[in-house]
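Source file: protein-v3.csv; contents: CSV, C-alpha atoms.
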chain,number,residue,atom,x,y,z
A,1,VAL,CA,17.5,-16.9,3.5
A,2,TYR,CA,20.5,-14.8,4.6
A,3,THR,CA,23.3,-16.3,6.6
A,4,PHE,CA,25.6,-14.1,8.6
A,5,ASP,CA,28.9,-14.7,10.4
A,6,LEU,CA,28.4,-12.7,13.6
A,7,ASP,CA,32.0,-12.9,14.7
A,8,GLU,CA,33.3,-11.5,11.3
A,9,GLN,CA,30.1,-9.3,11.0
A,10,LYS,CA,29.6,-10.2,7.4
A,11,LEU,CA,27.1,-11.8,5.1
A,12,VAL,CA,28.2,-15.3,4.3
A,13,SER,CA,25.5,-16.4,1.8
A,14,HIS,CA,21.9,-15.9,0.6
A,15,HIS,CA,19.6,-17.9,-1.5
A,16,THR,CA,15.9,-18.0,-2.4
A,17,ILE,CA,13.7,-20.8,-0.9
A,18,ALA,CA,10.4,-19.7,-2.4
A,19,SER,CA,9.0,-17.1,-4.8
A,20,THR,CA,5.8,-16.2,-6.4
A,21,PRO,CA,5.4,-16.7,-10.2
A,22,ARG,CA,4.8,-13.7,-12.5
A,23,ILE,CA,1.1,-13.7,-13.4
A,24,GLU,CA,0.0,-11.8,-16.6
A,25,ASN,CA,-3.8,-11.6,-15.8
A,26,GLY,CA,-4.2,-12.3,-12.1
A,27,TRP,CA,-2.2,-12.2,-8.9
A,28,SER,CA,0.0,-14.2,-6.6
A,29,ASN,CA,0.6,-14.2,-2.9
A,30,LEU,CA,3.2,-15.5,-0.5
A,31,ARG,CA,2.6,-16.0,3.2
A,32,ILE,CA,5.0,-17.3,5.9
A,33,ILE,CA,3.5,-19.1,8.9
A,34,ASN,CA,5.9,-19.5,11.9
A,35,ASP,CA,5.4,-20.5,15.5
A,36,ASP,CA,7.7,-18.9,18.0
A,37,GLY,CA,10.5,-21.2,19.2
A,38,ASN,CA,9.9,-23.7,16.4
A,39,ASN,CA,12.4,-24.9,13.9
A,40,TYR,CA,10.1,-24.8,10.9
A,41,LEU,CA,8.4,-22.3,8.6
A,42,LEU,CA,5.4,-23.0,6.4
A,43,ILE,CA,5.4,-21.0,3.2
A,44,LYS,CA,2.1,-20.8,1.3
A,45,ILE,CA,2.1,-19.7,-2.3
A,46,GLU,CA,-1.2,-18.9,-3.9
A,47,THR,CA,-1.8,-18.0,-7.6
A,48,PHE,CA,-4.9,-16.9,-9.4
A,49,GLU,CA,-5.4,-16.2,-13.0
A,50,ASP,CA,-8.5,-14.6,-14.6
A,51,ASP,CA,-9.1,-17.7,-16.7
A,52,MET,CA,-9.4,-19.8,-13.5
A,53,VAL,CA,-13.0,-18.6,-13.0
A,54,HIS,CA,-15.6,-21.2,-13.7
A,55,SER,CA,-18.9,-20.7,-15.4
A,56,ASP,CA,-20.6,-20.8,-12.0
A,57,GLY,CA,-18.6,-17.7,-10.9
A,58,LYS,CA,-16.3,-19.6,-8.4
A,59,SER,CA,-12.6,-19.2,-8.7
A,60,ASN,CA,-10.0,-21.9,-8.6
A,61,ALA,CA,-6.7,-20.7,-7.2
A,62,ALA,CA,-3.6,-22.8,-7.2
A,63,TYR,CA,-1.7,-23.5,-4.0
A,64,GLU,CA,1.8,-24.6,-3.2
A,65,PHE,CA,3.1,-25.3,0.3
A,66,ILE,CA,6.7,-25.5,1.3
A,67,VAL,CA,8.1,-26.5,4.7
A,68,TYR,CA,11.5,-24.9,5.5
A,69,ASP,CA,13.7,-26.5,8.2
A,70,ILE,CA,15.6,-23.5,9.7
A,71,GLU,CA,18.3,-25.5,11.5
A,72,ASN,CA,19.2,-27.7,8.6
A,73,ASN,CA,18.6,-25.1,5.9
A,74,GLN,CA,16.4,-27.5,3.9
A,75,SER,CA,13.0,-27.1,2.3
A,76,LYS,CA,10.4,-29.6,0.9
A,77,LYS,CA,7.2,-29.2,-0.9
A,78,ILE,CA,4.1,-30.6,0.9
A,79,MET,CA,2.1,-32.9,-1.4
A,80,GLY,CA,-1.6,-33.6,-0.7
A,81,PRO,CA,-5.1,-33.6,-2.1
A,82,ASP,CA,-6.1,-30.3,-3.7
A,83,GLU,CA,-9.2,-30.0,-1.6
A,84,LEU,CA,-7.1,-30.2,1.6
A,85,LEU,CA,-4.3,-27.9,0.5
A,86,GLY,CA,-6.8,-25.3,-0.9
A,87,SER,CA,-8.7,-25.2,2.4
A,88,ILE,CA,-5.8,-24.6,4.7
A,89,GLY,CA,-6.7,-21.6,6.8
A,90,SER,CA,-4.1,-21.8,9.5
A,91,ALA,CA,-1.3,-24.1,10.7
A,92,SER,CA,0.8,-24.7,13.8
A,93,PHE,CA,3.9,-26.8,14.5
A,94,SER,CA,4.5,-29.2,17.4
A,95,ASN,CA,8.0,-30.7,17.1
A,96,SER,CA,8.2,-32.1,13.6
A,97,THR,CA,4.4,-32.3,13.1
A,98,LEU,CA,2.4,-29.7,11.3
A,99,PHE,CA,-1.2,-29.2,12.4
A,100,ILE,CA,-3.4,-27.8,9.7
A,101,SER,CA,-7.0,-26.6,10.4
A,102,SER,CA,-9.7,-26.3,7.8
A,103,GLN,CA,-13.4,-25.6,8.2
A,104,SER,CA,-15.9,-28.3,7.4
A,105,SER,CA,-19.7,-28.0,7.0
A,106,ASN,CA,-20.3,-28.6,10.7
A,107,GLY,CA,-17.1,-27.6,12.4
A,108,VAL,CA,-13.3,-27.8,11.9
A,109,GLU,CA,-10.9,-30.6,10.9
A,110,ILE,CA,-7.3,-30.8,12.0
A,111,ASN,CA,-5.0,-32.6,9.7
A,112,GLN,CA,-1.5,-33.7,10.7
A,113,TYR,CA,1.5,-33.8,8.5
A,114,ASP,CA,4.7,-35.5,9.7
A,115,ILE,CA,7.5,-33.4,8.2
A,116,GLU,CA,10.4,-35.8,8.9
A,117,ASN,CA,8.6,-38.8,7.3
A,118,ASP,CA,6.7,-36.8,4.7
A,119,LYS,CA,3.4,-38.4,5.7
A,120,TRP,CA,-0.1,-37.4,6.4
A,121,GLY,CA,-1.4,-38.6,9.8
A,122,THR,CA,-4.8,-38.9,11.4
A,123,LYS,CA,-7.5,-36.3,10.9
A,124,GLN,CA,-9.4,-35.0,13.9
A,125,ALA,CA,-12.9,-33.6,13.4
A,126,PHE,CA,-14.5,-31.2,15.9
A,127,ASP,CA,-18.2,-30.4,15.8
A,128,LEU,CA,-18.3,-26.8,16.7
A,129,GLY,CA,-22.1,-26.7,17.3
A,130,ASP,CA,-23.2,-23.1,17.5
A,131,ALA,CA,-20.0,-21.7,15.9
A,132,LYS,CA,-20.2,-18.7,13.7
A,133,THR,CA,-19.3,-19.9,10.3
A,134,ASP,CA,-18.1,-16.5,9.0
A,135,LEU,CA,-15.1,-16.5,11.4
A,136,SER,CA,-12.3,-19.0,11.2
A,137,PRO,CA,-11.3,-20.7,14.4
A,138,TYR,CA,-7.9,-20.0,16.0
A,139,MET,CA,-5.7,-23.1,16.4
A,140,LYS,CA,-2.3,-23.5,18.0
A,141,ALA,CA,-0.3,-26.6,18.8
A,142,MET,CA,1.9,-26.1,21.8
A,143,ASN,CA,3.6,-28.2,24.5
A,144,GLY,CA,1.8,-31.4,23.4
A,145,LYS,CA,-1.6,-29.7,23.5
A,146,LEU,CA,-3.9,-28.4,20.8
A,147,TYR,CA,-5.7,-25.1,21.6
A,148,LEU,CA,-8.8,-24.2,19.5
A,149,ILE,CA,-10.8,-21.0,20.0
A,150,TYR,CA,-13.9,-20.3,18.0
A,151,ALA,CA,-16.6,-17.7,18.0
A,152,THR,CA,-20.1,-18.8,19.0
A,153,THR,CA,-23.4,-17.0,19.1
A,154,ASN,CA,-22.7,-16.3,22.8
A,155,GLY,CA,-19.0,-15.5,23.1
A,156,HIS,CA,-16.1,-17.9,22.3
A,157,THR,CA,-15.4,-21.5,23.2
A,158,LEU,CA,-11.9,-22.6,24.2
A,159,PHE,CA,-11.0,-26.2,23.6
A,160,ILE,CA,-7.7,-27.8,24.8
A,161,GLY,CA,-6.9,-31.4,23.7
A,162,ASP,CA,-3.9,-33.8,24.0
A,163,VAL,CA,-2.0,-33.9,20.7
A,164,GLU,CA,-1.0,-37.6,21.1
A,165,THR,CA,-4.2,-39.2,22.5
A,166,GLU,CA,-6.7,-36.7,21.0
A,167,GLU,CA,-8.3,-36.6,24.5
A,168,SER,CA,-10.3,-33.5,25.5
A,169,LEU,CA,-8.5,-31.9,28.5
A,170,TYR,CA,-10.6,-28.7,28.8
A,171,GLU,CA,-13.6,-26.9,27.3
A,172,GLY,CA,-14.9,-23.6,28.5
A,173,GLN,CA,-16.4,-20.3,27.5
A,174,LEU,CA,-14.7,-16.9,27.0
A,175,LYS,CA,-17.1,-14.0,27.3
A,176,VAL,CA,-16.7,-10.2,27.1
A,177,LYS,CA,-18.1,-8.5,30.1
A,178,ASN,CA,-19.5,-5.0,30.5
A,179,LYS,CA,-19.9,-4.4,26.8
A,180,GLY,CA,-21.2,-0.9,26.1
A,181,GLU,CA,-24.1,-0.1,23.9
A,182,ASP,CA,-21.7,1.5,21.3
A,183,GLN,CA,-19.7,-1.8,21.2
A,184,LYS,CA,-22.5,-4.2,20.4
A,185,ASN,CA,-21.1,-4.8,16.9
A,186,TYR,CA,-17.5,-5.3,18.0
A,187,ARG,CA,-15.9,-8.7,17.7
A,188,LEU,CA,-13.1,-10.3,19.7
A,189,TYR,CA,-10.3,-11.8,17.6
A,190,PHE,CA,-7.5,-14.1,18.8
A,191,TYR,CA,-4.1,-14.0,17.0
A,192,ARG,CA,-1.7,-15.6,19.5
A,193,ILE,CA,-1.5,-17.8,22.5
A,194,GLU,CA,1.8,-18.0,24.5
A,195,PHE,CA,3.1,-20.4,27.1
A,196,VAL,CA,4.4,-18.4,30.2
A,197,GLN,CA,6.4,-20.2,32.9
Would you write the structure of this file as structure tokens?
Amino acid sequence: VYTFDLDEQKLVSHHTIASTPRIENGWSNLRIINDDGNNYLLIKIETFEDDMVHSDGKSNAAYEFIVYDIENNQSKKIMGPDELLGSIGSASFSNSTLFISSQSSNGVEINQYDIENDKWGTKQAFDLGDAKTDLSPYMKAMNGKLYLIYATTNGHTLFIGDVETEESLYEGQLKVKNKGEDQKNYRLYFYRIEFVQ
């Protein structure tokens, strides 16, 4: 983190809030997840060593998650069950709550983490029915609503729910029209949803 004094036009301070460890036989990765207009960053650190491969061929990477409060210049490590932390695919912030999505056998689960109270909240499960399991759903918490977009065998489904009540507010289909013959193997991906006034 670099802090600048804009009036004086000089660097005031800098310090490290997260780093990846040095791995002899393996690799490490650092990813920063940020929502526009939010006061927090989620930092995901993943490490994998060659000796972490089990006899069945599956690997066992180690994960560490840090939430950084931009306004107060404070960071804290998120603690939770390994199976939950290891399955985090995407995350989104709404005020001081972190929404974390992970795929389950028949859909997606949304876990809530209260940053200020350092506490895991309720878990919401969504049965995605005919969702394509090879594509991760897109999830965004914004303006008190949770947006979930996932690929199906016939396009995409858009789900909007109330963050507080968990009530379904809208569910509809997104379909690509006039797809040419040379585009039949193309896929539609969602990377961002914005609120426009």
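Using all atoms listed in the file, the protein and nucleic acid residues lying at most 12 Å from the point (9.6, -18.3, -1.0) are A:Val1, A:His15, A:Thr16, A:Ile17, A:Ala18, A:Ser19, A:Thr20, A:Pro21, A:Ser28, A:Asn29, A:Leu30, A:Arg31, A:Ile32, A:Ile33, A:Leu41, A:Leu42, A:Ile43, A:Lys44, A:Ile45, A:Glu46, A:Glu64, A:Phe65, A:Ile66, A:Val67, A:Tyr68, A:Ser75, A:Lys76, A:Lys77.
The coordinates place atom CA of Tyr150 of chain A at 11.8 Å from atom CA of Arg187 of chain A.
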Dump as a tab-separated table the rows for residues of segment 119-190 of chain A within 6 Å of segment 85-99 of chain A: closest atom pair and distance in Å with one decimal, all atoms listed in the file counted, ordered by chain and rising residue number.
residue	atom	partner	partner_atom	distance
A:Lys140	CA	A:Ser92	CA	5.4
A:Ala141	CA	A:Ser92	CA	5.5
A:Met142	CA	A:Ser94	CA	6.0
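Computed from the coordinates, the atom CA of Glu166 of chain A to atom CA of Gln124 of chain A distance equals 7.8 Å.
Atom CA of Met79 of chain A sits 8.6 Å away from atom CA of Asp118 of chain A.
Nearest to Tyr113 of chain A of all the residues A:Val196, A:Ile100, A:Leu148, A:Leu174 is A:Ile100, based on all atoms listed in the file.
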